[in-house]
Amino acid sequence: MHSETWVLTNARLADGAMAELRLEAGRIASIGASVPQQGARLHDCGGRLLTPALIDCHTHLVYAGNRAREFEMRLNGASYAEIAAAGGGIVSTMRAVREASVEDLVAGSLPRLDALLAEGVGTVEIKSGYGLSVEAELNMLRAARALARLRKVRIRTTWLAAHALPPEYRHDRAGYIDNVVLAGLEVAHAEGLVDAVDGFCEHLAFTPAEIARVFDRAQALGLPVKLHAEQLSHQGGAALVAARGGLSADHLEHATEADAQAMAAAGTVAVILPGAFYMLRETQLPPIAAFRAAGCSMAVSTDANPGTSPMTSLLMAMNMAAVLFGLTVAECLAGTTGAAAKALGLQGETGALVPGLSADLALWDVETPAELVNPIGFNPLRKRWFKGEMV
Ligand code: DI6
Ligand code: FE
């Protein structure tokens, strides 16, 4: 493992500076105008843009089935909330996931993972949340761990059993939290399946008080927390996750200036998810100016999921974050590298071109970050390295 030593020459960094990098034992050993070349394989980057490998810090990549029929219903005027109330939405994906084996989940999710990797992604967060029973939630995270063994990628798993209420618990919300969300978390954690804990805090999902119970257990187990917060309405989720020192609050279209300040103070990253905003034709914009003013880190992610963001292109998410939400090119690139690493608690491991970090790199057939964010549906990835190995 990590036997390849590389020296990359003529690399153009995001700020336009030219550099050489030495990759050794899976890490960035040195970066500068010229680095020692002994014992290394050489790669001439030819003046092309070199960035950290991209990080997709919020996905629901593991699932079964699809929701194309519901998409057609929405095109005919049905709302997301109406479809959910009629037994569609998350619960329809739940039925498909419960029928799938771990092998089925892996086979169905691999093409989606490959689509991300083809765009220079080196780290992907994957959530449970479509099983909604202990066993099916475990299977989703088992599939996520299996994906990490099949490809050169770092996978971070997230327990999201508090995503929706399954039909069998419709009249027993507390029972679902106890028997599935909390009891399952214990089992999943014992099996080594959980890197963080998430919830969906929304009028059609769980209240801040219910999420607080989930966070209590997560934190008792020493697991970091994050939250789908203020997506469709303002519920207080962003303040809750900030008060817990959480990794991130995600979506945030309905977040306030006070939320932005609380998140910045807590070091909680704002994860911006333009795919769901676009697919649901939302009109409420996340308070980007408030995040900037507060000094809150912003990450950008696909939210890849079958219902509200069937998108497996992080480059597309960057373009949408710029066009729909007004992020700058620099914010889009930071949002899929350094800030995304922070949103996963990985800022000491990946997401920057700094000696000592994992040598996770993407080399692009362009010269500037703007050329990554501007095109739609064009992938200029030329090469990638993962833990120092050319993939
Ligand atoms: N927010 C979303 O947009 C997705 N989950 C969530 O918590 C929706 C997932 C789905 O509709 O399948
Ligand atoms: Fe999500």
# chains A, B, ... in the order shown; residues from 1 in each chain; ligands from 1
$ select_by_dssp --residues "range 172-374 of chain A" --states "helix (DSSP H, G or I)" --output "PyMOL selection string"
chain A and resi 173-190+208-220+237-243+257-266+274-279+288-294+314-325+329-335+338-343+370-373
$ residues_near_ligand --ligand "ligand 2" --cutoff "12 Å" --atoms "only C-alpha atoms and all ligand atoms" --output "VMD selection string"
chain A and resid 56 to 62 90 125 to 130 158 to 160 162 to 164 198 to 202 226 to 231 248 to 252 271 to 277 301 to 311
$ atom_distance --atom1 "CA of Leu141 in chain A" --atom2 "CA of Thr157 in chain A"
6.6 Å
$ residues_around --residues "Phe291 in chain A" --least-positions-apart "6" --cutoff "8 Å" --atoms "only C-alpha atoms" --output "NGL selection string"
:A and (257 or 260-261 or 264 or 270 or 297-298)
$ write_last_selection --atoms "C-alpha atoms" --output "CSV table (one decimal), in the first residue's frame"
chain,number,residue,atom,x,y,z
A,257,GLU,CA,-28.9,35.9,10.2
A,260,ALA,CA,-25.5,32.1,10.6
A,261,GLN,CA,-23.9,33.8,13.5
A,264,ALA,CA,-20.0,30.6,12.6
A,270,ALA,CA,-23.2,25.7,6.2
A,297,SER,CA,-17.7,28.2,6.2
A,298,MET,CA,-19.8,27.2,3.2
$ residues_around --residues "Ile177 in chain A" --least-positions-apart "6" --cutoff "10 Å" --atoms "only C-alpha atoms" --output "VMD selection string"
chain A and resid 161 to 162 165 169 183 to 184 206 210 to 211 213 to 214
$ closest_residue --among "A:Leu280, A:Leu110, A:Val180, A:Val7" --to "ligand 1" --atoms "only C-alpha atoms and all ligand atoms"
A:Leu280
$ closest_residue --among "A:Ala352, A:Val35, A:Ala136, A:Ala100" --to "Leu21 in chain A" --atoms "only C-alpha atoms"
A:Val35
$ closest_residue --among "A:Val194, A:Ser34, A:Ala53, A:Cys296" --to "Gly351 in chain A" --atoms "only C-alpha atoms"
A:Ala53
$ residues_around --residues "Met390 in chain A" --least-positions-apart "5" --cutoff "12 Å" --atoms "only C-alpha atoms" --output "mmCIF file with N, CA and C atoms, in the first residue's frame"
data_model
loop_
_atom_site.group_PDB
_atom_site.id
_atom_site.type_symbol
_atom_site.label_atom_id
_atom_site.label_comp_id
_atom_site.auth_asym_id
_atom_site.auth_seq_id
_atom_site.Cartn_x
_atom_site.Cartn_y
_atom_site.Cartn_z
ATOM 1 N N HIS A 2 0.373 2.266 -0.680
ATOM 2 C CA HIS A 2 1.044 3.569 -0.732
ATOM 3 C C HIS A 2 2.487 3.455 -1.174
ATOM 4 N N SER A 3 2.786 2.533 -2.109
ATOM 5 C CA SER A 3 4.177 2.355 -2.490
ATOM 6 C C SER A 3 4.614 3.360 -3.543
ATOM 7 N N GLU A 4 3.649 4.010 -4.200
ATOM 8 C CA GLU A 4 4.029 4.919 -5.275
ATOM 9 C C GLU A 4 4.552 6.237 -4.716
ATOM 10 N N THR A 5 5.700 6.654 -5.228
ATOM 11 C CA THR A 5 6.197 7.999 -4.942
ATOM 12 C C THR A 5 6.139 8.781 -6.246
ATOM 13 N N TRP A 6 5.512 9.932 -6.180
ATOM 14 C CA TRP A 6 5.328 10.744 -7.390
ATOM 15 C C TRP A 6 5.918 12.127 -7.190
ATOM 16 N N VAL A 7 6.435 12.682 -8.270
ATOM 17 C CA VAL A 7 6.673 14.120 -8.317
ATOM 18 C C VAL A 7 5.872 14.686 -9.475
ATOM 19 N N LEU A 8 5.031 15.637 -9.175
ATOM 20 C CA LEU A 8 4.219 16.300 -10.193
ATOM 21 C C LEU A 8 4.865 17.643 -10.498
ATOM 22 N N LEU A 23 4.698 13.399 -3.706
ATOM 23 C CA LEU A 23 3.737 12.539 -3.009
ATOM 24 C C LEU A 23 4.472 11.302 -2.544
ATOM 25 N N GLY A 26 1.574 7.969 0.441
ATOM 26 C CA GLY A 26 0.159 8.326 0.457
ATOM 27 C C GLY A 26 -0.125 9.764 0.850
ATOM 28 N N ARG A 41 8.355 8.634 -9.486
ATOM 29 C CA ARG A 41 7.854 8.690 -10.862
ATOM 30 C C ARG A 41 7.452 10.130 -11.138
ATOM 31 N N LEU A 42 7.772 10.594 -12.338
ATOM 32 C CA LEU A 42 7.494 11.987 -12.689
ATOM 33 C C LEU A 42 6.204 12.081 -13.485
ATOM 34 N N HIS A 43 5.434 13.105 -13.187
ATOM 35 C CA HIS A 43 4.295 13.415 -14.055
ATOM 36 C C HIS A 43 4.305 14.902 -14.344
ATOM 37 N N ALA A 53 -8.446 16.641 -4.536
ATOM 38 C CA ALA A 53 -9.591 15.848 -4.986
ATOM 39 C C ALA A 53 -10.843 16.456 -4.364
ATOM 40 N N GLY A 120 -13.398 13.606 -10.387
ATOM 41 C CA GLY A 120 -12.304 14.001 -9.505
ATOM 42 C C GLY A 120 -12.647 13.989 -8.030
ATOM 43 N N GLY A 122 -12.771 12.427 -4.383
ATOM 44 C CA GLY A 122 -11.976 11.451 -3.651
ATOM 45 C C GLY A 122 -12.579 11.058 -2.315
ATOM 46 N N LYS A 152 -11.235 3.331 -5.199
ATOM 47 C CA LYS A 152 -10.241 4.174 -4.525
ATOM 48 C C LYS A 152 -10.948 5.447 -4.083
ATOM 49 N N ALA A 359 -2.568 12.519 -0.057
ATOM 50 C CA ALA A 359 -2.324 12.974 -1.437
ATOM 51 C C ALA A 359 -3.523 12.606 -2.294
ATOM 52 N N ASP A 360 -4.606 13.345 -2.117
ATOM 53 C CA ASP A 360 -5.851 13.182 -2.877
ATOM 54 C C ASP A 360 -5.940 14.386 -3.810
ATOM 55 N N LEU A 361 -5.716 14.167 -5.093
ATOM 56 C CA LEU A 361 -5.544 15.272 -6.030
ATOM 57 C C LEU A 361 -6.378 15.062 -7.280
ATOM 58 N N ALA A 362 -6.741 16.162 -7.913
ATOM 59 C CA ALA A 362 -7.412 16.107 -9.215
ATOM 60 C C ALA A 362 -6.666 17.037 -10.170
ATOM 61 N N LEU A 363 -6.345 16.508 -11.340
ATOM 62 C CA LEU A 363 -5.684 17.295 -12.386
ATOM 63 C C LEU A 363 -6.683 17.488 -13.513
ATOM 64 N N ARG A 382 -8.640 15.102 -15.903
ATOM 65 C CA ARG A 382 -7.614 14.410 -16.693
ATOM 66 C C ARG A 382 -7.053 13.220 -15.922
ATOM 67 N N LYS A 383 -6.720 13.432 -14.660
ATOM 68 C CA LYS A 383 -6.164 12.352 -13.828
ATOM 69 C C LYS A 383 -6.565 12.623 -12.393
ATOM 70 N N ARG A 384 -6.592 11.561 -11.589
ATOM 71 C CA ARG A 384 -6.713 11.811 -10.158
ATOM 72 C C ARG A 384 -5.777 10.892 -9.387
ATOM 73 N N TRP A 385 -5.398 11.360 -8.232
ATOM 74 C CA TRP A 385 -4.602 10.558 -7.303
ATOM 75 C C TRP A 385 -5.419 10.384 -6.036
#
$ closest_residue --among "A:Glu331, A:Glu119, A:Glu349, A:Asp172" --to "Asn379 in chain A" --atoms "only C-alpha atoms"
A:Glu119
$ closest_residue --among "A:Asp15, A:Glu253, A:Asp114, A:Asp178" --to "ligand 1" --atoms "only C-alpha atoms and all ligand atoms"
A:Glu253
$ select_by_dssp --residues "range 84-200 of chain A" --states "strand (DSSP E)" --output "list in words"
Val121, Gly122, Thr123, Val124, Glu125, Ile126, Lys127, Arg154, Ile155, Arg156, Thr157, Thr158, Trp159, Leu160, Ala161, Ala162, Ala196, Val197, Asp198, Gly199 and Phe200 of chain A
$ write_last_selection --atoms "N, CA and C atoms" --output "CSV table (one decimal), in the first residue's frame"
chain,number,residue,atom,x,y,z
A,121,VAL,N,-13.7,13.4,-7.7
A,121,VAL,CA,-14.1,13.3,-6.2
A,121,VAL,C,-13.3,12.2,-5.6
A,122,GLY,N,-12.8,12.4,-4.4
A,122,GLY,CA,-12.0,11.5,-3.7
A,122,GLY,C,-12.6,11.1,-2.3
A,123,THR,N,-13.6,11.8,-1.9
A,123,THR,CA,-14.2,11.6,-0.6
A,123,THR,C,-15.7,11.8,-0.7
A,124,VAL,N,-16.5,10.8,-0.3
A,124,VAL,CA,-18.0,10.9,-0.4
A,124,VAL,C,-18.6,10.6,0.9
A,125,GLU,N,-19.5,11.4,1.4
A,125,GLU,CA,-20.3,11.1,2.6
A,125,GLU,C,-21.5,10.3,2.1
A,126,ILE,N,-21.9,9.3,2.8
A,126,ILE,CA,-23.1,8.5,2.4
A,126,ILE,C,-24.0,8.3,3.6
A,127,LYS,N,-25.3,8.6,3.5
A,127,LYS,CA,-26.2,8.5,4.6
A,127,LYS,C,-27.1,7.3,4.5
A,154,ARG,N,-12.5,7.5,-0.3
A,154,ARG,CA,-12.8,7.6,1.2
A,154,ARG,C,-14.3,7.8,1.4
A,155,ILE,N,-14.9,6.9,2.1
A,155,ILE,CA,-16.4,7.0,2.4
A,155,ILE,C,-16.6,7.3,3.8
A,156,ARG,N,-17.3,8.3,4.1
A,156,ARG,CA,-17.8,8.6,5.5
A,156,ARG,C,-19.2,8.3,5.6
A,157,THR,N,-19.6,7.5,6.6
A,157,THR,CA,-21.0,7.1,6.7
A,157,THR,C,-21.7,7.9,7.8
A,158,THR,N,-23.0,8.1,7.6
A,158,THR,CA,-23.9,8.9,8.5
A,158,THR,C,-25.2,8.1,8.8
A,159,TRP,N,-25.5,8.0,10.0
A,159,TRP,CA,-26.7,7.4,10.5
A,159,TRP,C,-27.9,8.4,10.4
A,160,LEU,N,-28.8,8.2,9.5
A,160,LEU,CA,-29.9,9.2,9.2
A,160,LEU,C,-31.2,8.4,9.4
A,161,ALA,N,-31.4,7.6,10.4
A,161,ALA,CA,-32.6,6.9,10.6
A,161,ALA,C,-33.8,7.9,10.9
A,162,ALA,N,-33.4,9.1,11.5
A,162,ALA,CA,-34.4,10.1,11.7
A,162,ALA,C,-34.6,11.0,10.4
A,196,ALA,N,-20.9,9.6,11.7
A,196,ALA,CA,-21.6,10.8,12.2
A,196,ALA,C,-23.1,10.5,12.2
A,197,VAL,N,-23.9,11.4,12.9
A,197,VAL,CA,-25.3,11.2,13.0
A,197,VAL,C,-26.1,12.4,12.5
A,198,ASP,N,-27.1,12.2,11.7
A,198,ASP,CA,-27.8,13.3,11.0
A,198,ASP,C,-29.3,13.1,11.3
A,199,GLY,N,-30.1,14.1,11.0
A,199,GLY,CA,-31.6,14.0,11.1
A,199,GLY,C,-32.2,14.9,10.1
A,200,PHE,N,-33.5,14.8,9.9
A,200,PHE,CA,-34.2,15.7,9.0
A,200,PHE,C,-35.2,16.5,9.9
$ closest_residue --among "A:Ala262, A:Val366, A:Ile55, A:Ala212" --to "Lys342 in chain A" --atoms "only C-alpha atoms"
A:Ile55
$ residues_around --residues "Ser79 in chain A" --least-positions-apart "5" --cutoff "12 Å" --atoms "only C-alpha atoms" --output "ChimeraX atom specification"
/A:70-74,84-86,88-89,279-282,308
$ decode --residues "range 52-188 of chain A" --atoms "C-alpha atoms" --output "PDB file, in the first residue's frame"
ATOM      1  CA  PRO A  52      -7.333  18.761  -4.031  1.00  0.00           C
ATOM      2  CA  ALA A  53      -9.591  15.848  -4.986  1.00  0.00           C
ATOM      3  CA  LEU A  54     -13.169  17.050  -4.594  1.00  0.00           C
ATOM      4  CA  ILE A  55     -15.278  16.090  -1.574  1.00  0.00           C
ATOM      5  CA  ASP A  56     -19.015  15.436  -1.760  1.00  0.00           C
ATOM      6  CA  CYS A  57     -19.961  15.947   1.890  1.00  0.00           C
ATOM      7  CA  HIS A  58     -23.738  15.258   1.748  1.00  0.00           C
ATOM      8  CA  THR A  59     -25.158  12.380  -0.262  1.00  0.00           C
ATOM      9  CA  HIS A  60     -27.849   9.743  -0.068  1.00  0.00           C
ATOM     10  CA  LEU A  61     -26.008   7.751  -2.721  1.00  0.00           C
ATOM     11  CA  VAL A  62     -27.050   4.303  -1.479  1.00  0.00           C
ATOM     12  CA  TYR A  63     -30.663   3.550  -2.335  1.00  0.00           C
ATOM     13  CA  ALA A  64     -32.758   1.273  -4.525  1.00  0.00           C
ATOM     14  CA  GLY A  65     -35.409   1.966  -7.115  1.00  0.00           C
ATOM     15  CA  ASN A  66     -36.122   5.403  -8.510  1.00  0.00           C
ATOM     16  CA  ARG A  67     -38.729   8.130  -8.215  1.00  0.00           C
ATOM     17  CA  ALA A  68     -39.165   9.068 -11.852  1.00  0.00           C
ATOM     18  CA  ARG A  69     -42.924   8.490 -11.600  1.00  0.00           C
ATOM     19  CA  GLU A  70     -43.167  11.038  -8.768  1.00  0.00           C
ATOM     20  CA  PHE A  71     -41.120  13.437 -10.815  1.00  0.00           C
ATOM     21  CA  GLU A  72     -43.801  13.182 -13.486  1.00  0.00           C
ATOM     22  CA  MET A  73     -46.494  13.760 -10.836  1.00  0.00           C
ATOM     23  CA  ARG A  74     -44.709  16.918  -9.733  1.00  0.00           C
ATOM     24  CA  LEU A  75     -44.484  18.045 -13.351  1.00  0.00           C
ATOM     25  CA  ASN A  76     -48.273  17.637 -13.399  1.00  0.00           C
ATOM     26  CA  GLY A  77     -48.660  19.907 -10.399  1.00  0.00           C
ATOM     27  CA  ALA A  78     -48.441  17.706  -7.281  1.00  0.00           C
ATOM     28  CA  SER A  79     -46.227  19.125  -4.512  1.00  0.00           C
ATOM     29  CA  TYR A  80     -43.425  17.265  -2.729  1.00  0.00           C
ATOM     30  CA  ALA A  81     -45.386  17.440   0.539  1.00  0.00           C
ATOM     31  CA  GLU A  82     -48.571  16.124  -1.137  1.00  0.00           C
ATOM     32  CA  ILE A  83     -46.704  13.177  -2.630  1.00  0.00           C
ATOM     33  CA  ALA A  84     -45.117  12.403   0.752  1.00  0.00           C
ATOM     34  CA  ALA A  85     -48.515  12.550   2.465  1.00  0.00           C
ATOM     35  CA  ALA A  86     -49.901  10.106  -0.123  1.00  0.00           C
ATOM     36  CA  GLY A  87     -47.289   7.477   0.768  1.00  0.00           C
ATOM     37  CA  GLY A  88     -44.784   8.501  -1.861  1.00  0.00           C
ATOM     38  CA  GLY A  89     -41.552  10.345  -1.297  1.00  0.00           C
ATOM     39  CA  ILE A  90     -39.022   8.912   1.105  1.00  0.00           C
ATOM     40  CA  VAL A  91     -41.373   6.064   2.016  1.00  0.00           C
ATOM     41  CA  SER A  92     -41.545   4.822  -1.572  1.00  0.00           C
ATOM     42  CA  THR A  93     -37.737   4.552  -1.659  1.00  0.00           C
ATOM     43  CA  MET A  94     -37.984   2.831   1.740  1.00  0.00           C
ATOM     44  CA  ARG A  95     -40.047   0.038   0.218  1.00  0.00           C
ATOM     45  CA  ALA A  96     -37.447  -0.546  -2.502  1.00  0.00           C
ATOM     46  CA  VAL A  97     -34.571  -0.471  -0.005  1.00  0.00           C
ATOM     47  CA  ARG A  98     -36.254  -2.959   2.332  1.00  0.00           C
ATOM     48  CA  GLU A  99     -36.594  -5.417  -0.554  1.00  0.00           C
ATOM     49  CA  ALA A 100     -32.958  -5.025  -1.585  1.00  0.00           C
ATOM     50  CA  SER A 101     -30.031  -7.081  -0.288  1.00  0.00           C
ATOM     51  CA  VAL A 102     -26.730  -5.428   0.599  1.00  0.00           C
ATOM     52  CA  GLU A 103     -25.409  -6.760  -2.726  1.00  0.00           C
ATOM     53  CA  ASP A 104     -28.354  -5.200  -4.583  1.00  0.00           C
ATOM     54  CA  LEU A 105     -27.717  -1.873  -2.850  1.00  0.00           C
ATOM     55  CA  VAL A 106     -24.031  -1.979  -3.749  1.00  0.00           C
ATOM     56  CA  ALA A 107     -24.714  -2.893  -7.377  1.00  0.00           C
ATOM     57  CA  GLY A 108     -27.320  -0.167  -7.742  1.00  0.00           C
ATOM     58  CA  SER A 109     -25.176   2.499  -6.103  1.00  0.00           C
ATOM     59  CA  LEU A 110     -21.850   1.762  -7.772  1.00  0.00           C
ATOM     60  CA  PRO A 111     -22.669   3.563 -11.050  1.00  0.00           C
ATOM     61  CA  ARG A 112     -23.625   6.662  -9.049  1.00  0.00           C
ATOM     62  CA  LEU A 113     -20.370   6.505  -7.107  1.00  0.00           C
ATOM     63  CA  ASP A 114     -18.434   6.048 -10.350  1.00  0.00           C
ATOM     64  CA  ALA A 115     -20.102   9.147 -11.787  1.00  0.00           C
ATOM     65  CA  LEU A 116     -18.791  11.181  -8.848  1.00  0.00           C
ATOM     66  CA  LEU A 117     -15.307   9.687  -8.994  1.00  0.00           C
ATOM     67  CA  ALA A 118     -15.089  10.414 -12.727  1.00  0.00           C
ATOM     68  CA  GLU A 119     -15.302  14.102 -11.814  1.00  0.00           C
ATOM     69  CA  GLY A 120     -12.304  14.001  -9.505  1.00  0.00           C
ATOM     70  CA  VAL A 121     -14.108  13.254  -6.245  1.00  0.00           C
ATOM     71  CA  GLY A 122     -11.976  11.451  -3.651  1.00  0.00           C
ATOM     72  CA  THR A 123     -14.213  11.552  -0.571  1.00  0.00           C
ATOM     73  CA  VAL A 124     -17.951  10.904  -0.391  1.00  0.00           C
ATOM     74  CA  GLU A 125     -20.274  11.052   2.582  1.00  0.00           C
ATOM     75  CA  ILE A 126     -23.134   8.533   2.395  1.00  0.00           C
ATOM     76  CA  LYS A 127     -26.195   8.531   4.641  1.00  0.00           C
ATOM     77  CA  SER A 128     -28.633   5.843   5.665  1.00  0.00           C
ATOM     78  CA  GLY A 129     -32.252   6.980   5.914  1.00  0.00           C
ATOM     79  CA  TYR A 130     -34.226   4.977   3.378  1.00  0.00           C
ATOM     80  CA  GLY A 131     -34.458   1.734   5.365  1.00  0.00           C
ATOM     81  CA  LEU A 132     -36.320   3.138   8.391  1.00  0.00           C
ATOM     82  CA  SER A 133     -35.995  -0.217  10.204  1.00  0.00           C
ATOM     83  CA  VAL A 134     -32.917  -1.266  12.152  1.00  0.00           C
ATOM     84  CA  GLU A 135     -31.952  -3.998   9.706  1.00  0.00           C
ATOM     85  CA  ALA A 136     -32.554  -1.985   6.539  1.00  0.00           C
ATOM     86  CA  GLU A 137     -30.683   1.032   7.912  1.00  0.00           C
ATOM     87  CA  LEU A 138     -27.760  -1.232   8.834  1.00  0.00           C
ATOM     88  CA  ASN A 139     -27.824  -2.705   5.326  1.00  0.00           C
ATOM     89  CA  MET A 140     -27.541   0.738   3.762  1.00  0.00           C
ATOM     90  CA  LEU A 141     -24.408   1.515   5.765  1.00  0.00           C
ATOM     91  CA  ARG A 142     -23.007  -1.956   5.151  1.00  0.00           C
ATOM     92  CA  ALA A 143     -23.414  -1.200   1.447  1.00  0.00           C
ATOM     93  CA  ALA A 144     -21.669   2.154   1.924  1.00  0.00           C
ATOM     94  CA  ARG A 145     -18.727   0.445   3.630  1.00  0.00           C
ATOM     95  CA  ALA A 146     -18.634  -2.164   0.841  1.00  0.00           C
ATOM     96  CA  LEU A 147     -18.411   0.605  -1.772  1.00  0.00           C
ATOM     97  CA  ALA A 148     -15.291   1.895  -0.016  1.00  0.00           C
ATOM     98  CA  ARG A 149     -13.664  -1.498  -0.564  1.00  0.00           C
ATOM     99  CA  LEU A 150     -14.526  -1.552  -4.274  1.00  0.00           C
ATOM    100  CA  ARG A 151     -13.128   1.817  -5.324  1.00  0.00           C
ATOM    101  CA  LYS A 152     -10.241   4.174  -4.525  1.00  0.00           C
ATOM    102  CA  VAL A 153     -12.340   6.524  -2.414  1.00  0.00           C
ATOM    103  CA  ARG A 154     -12.781   7.580   1.191  1.00  0.00           C
ATOM    104  CA  ILE A 155     -16.365   7.011   2.357  1.00  0.00           C
ATOM    105  CA  ARG A 156     -17.753   8.633   5.512  1.00  0.00           C
ATOM    106  CA  THR A 157     -20.991   7.094   6.744  1.00  0.00           C
ATOM    107  CA  THR A 158     -23.859   8.869   8.464  1.00  0.00           C
ATOM    108  CA  TRP A 159     -26.733   7.412  10.503  1.00  0.00           C
ATOM    109  CA  LEU A 160     -29.887   9.152   9.246  1.00  0.00           C
ATOM    110  CA  ALA A 161     -32.646   6.919  10.594  1.00  0.00           C
ATOM    111  CA  ALA A 162     -34.410  10.129  11.697  1.00  0.00           C
ATOM    112  CA  HIS A 163     -35.197  10.910   8.059  1.00  0.00           C
ATOM    113  CA  ALA A 164     -38.891   9.988   7.863  1.00  0.00           C
ATOM    114  CA  LEU A 165     -41.482   8.134   9.888  1.00  0.00           C
ATOM    115  CA  PRO A 166     -42.228   4.702   8.380  1.00  0.00           C
ATOM    116  CA  PRO A 167     -45.919   3.735   8.069  1.00  0.00           C
ATOM    117  CA  GLU A 168     -45.781   1.157  10.899  1.00  0.00           C
ATOM    118  CA  TYR A 169     -44.876   3.937  13.361  1.00  0.00           C
ATOM    119  CA  ARG A 170     -47.313   6.530  12.043  1.00  0.00           C
ATOM    120  CA  HIS A 171     -49.019   6.734  15.433  1.00  0.00           C
ATOM    121  CA  ASP A 172     -45.938   6.173  17.582  1.00  0.00           C
ATOM    122  CA  ARG A 173     -43.294   8.793  16.882  1.00  0.00           C
ATOM    123  CA  ALA A 174     -41.514   8.253  20.213  1.00  0.00           C
ATOM    124  CA  GLY A 175     -41.506   4.515  19.588  1.00  0.00           C
ATOM    125  CA  TYR A 176     -39.779   5.023  16.260  1.00  0.00           C
ATOM    126  CA  ILE A 177     -37.102   7.194  17.844  1.00  0.00           C
ATOM    127  CA  ASP A 178     -36.554   4.675  20.645  1.00  0.00           C
ATOM    128  CA  ASN A 179     -36.811   1.379  18.785  1.00  0.00           C
ATOM    129  CA  VAL A 180     -35.250   2.265  15.470  1.00  0.00           C
ATOM    130  CA  VAL A 181     -33.297   5.538  15.582  1.00  0.00           C
ATOM    131  CA  LEU A 182     -31.645   5.101  18.993  1.00  0.00           C
ATOM    132  CA  ALA A 183     -31.578   1.310  19.309  1.00  0.00           C
ATOM    133  CA  GLY A 184     -30.340   0.948  15.721  1.00  0.00           C
ATOM    134  CA  LEU A 185     -27.667   3.573  16.275  1.00  0.00           C
ATOM    135  CA  GLU A 186     -26.235   1.520  19.120  1.00  0.00           C
ATOM    136  CA  VAL A 187     -26.080  -1.578  16.920  1.00  0.00           C
ATOM    137  CA  ALA A 188     -24.672   0.278  13.925  1.00  0.00           C
TER     138      ALA A 188
END
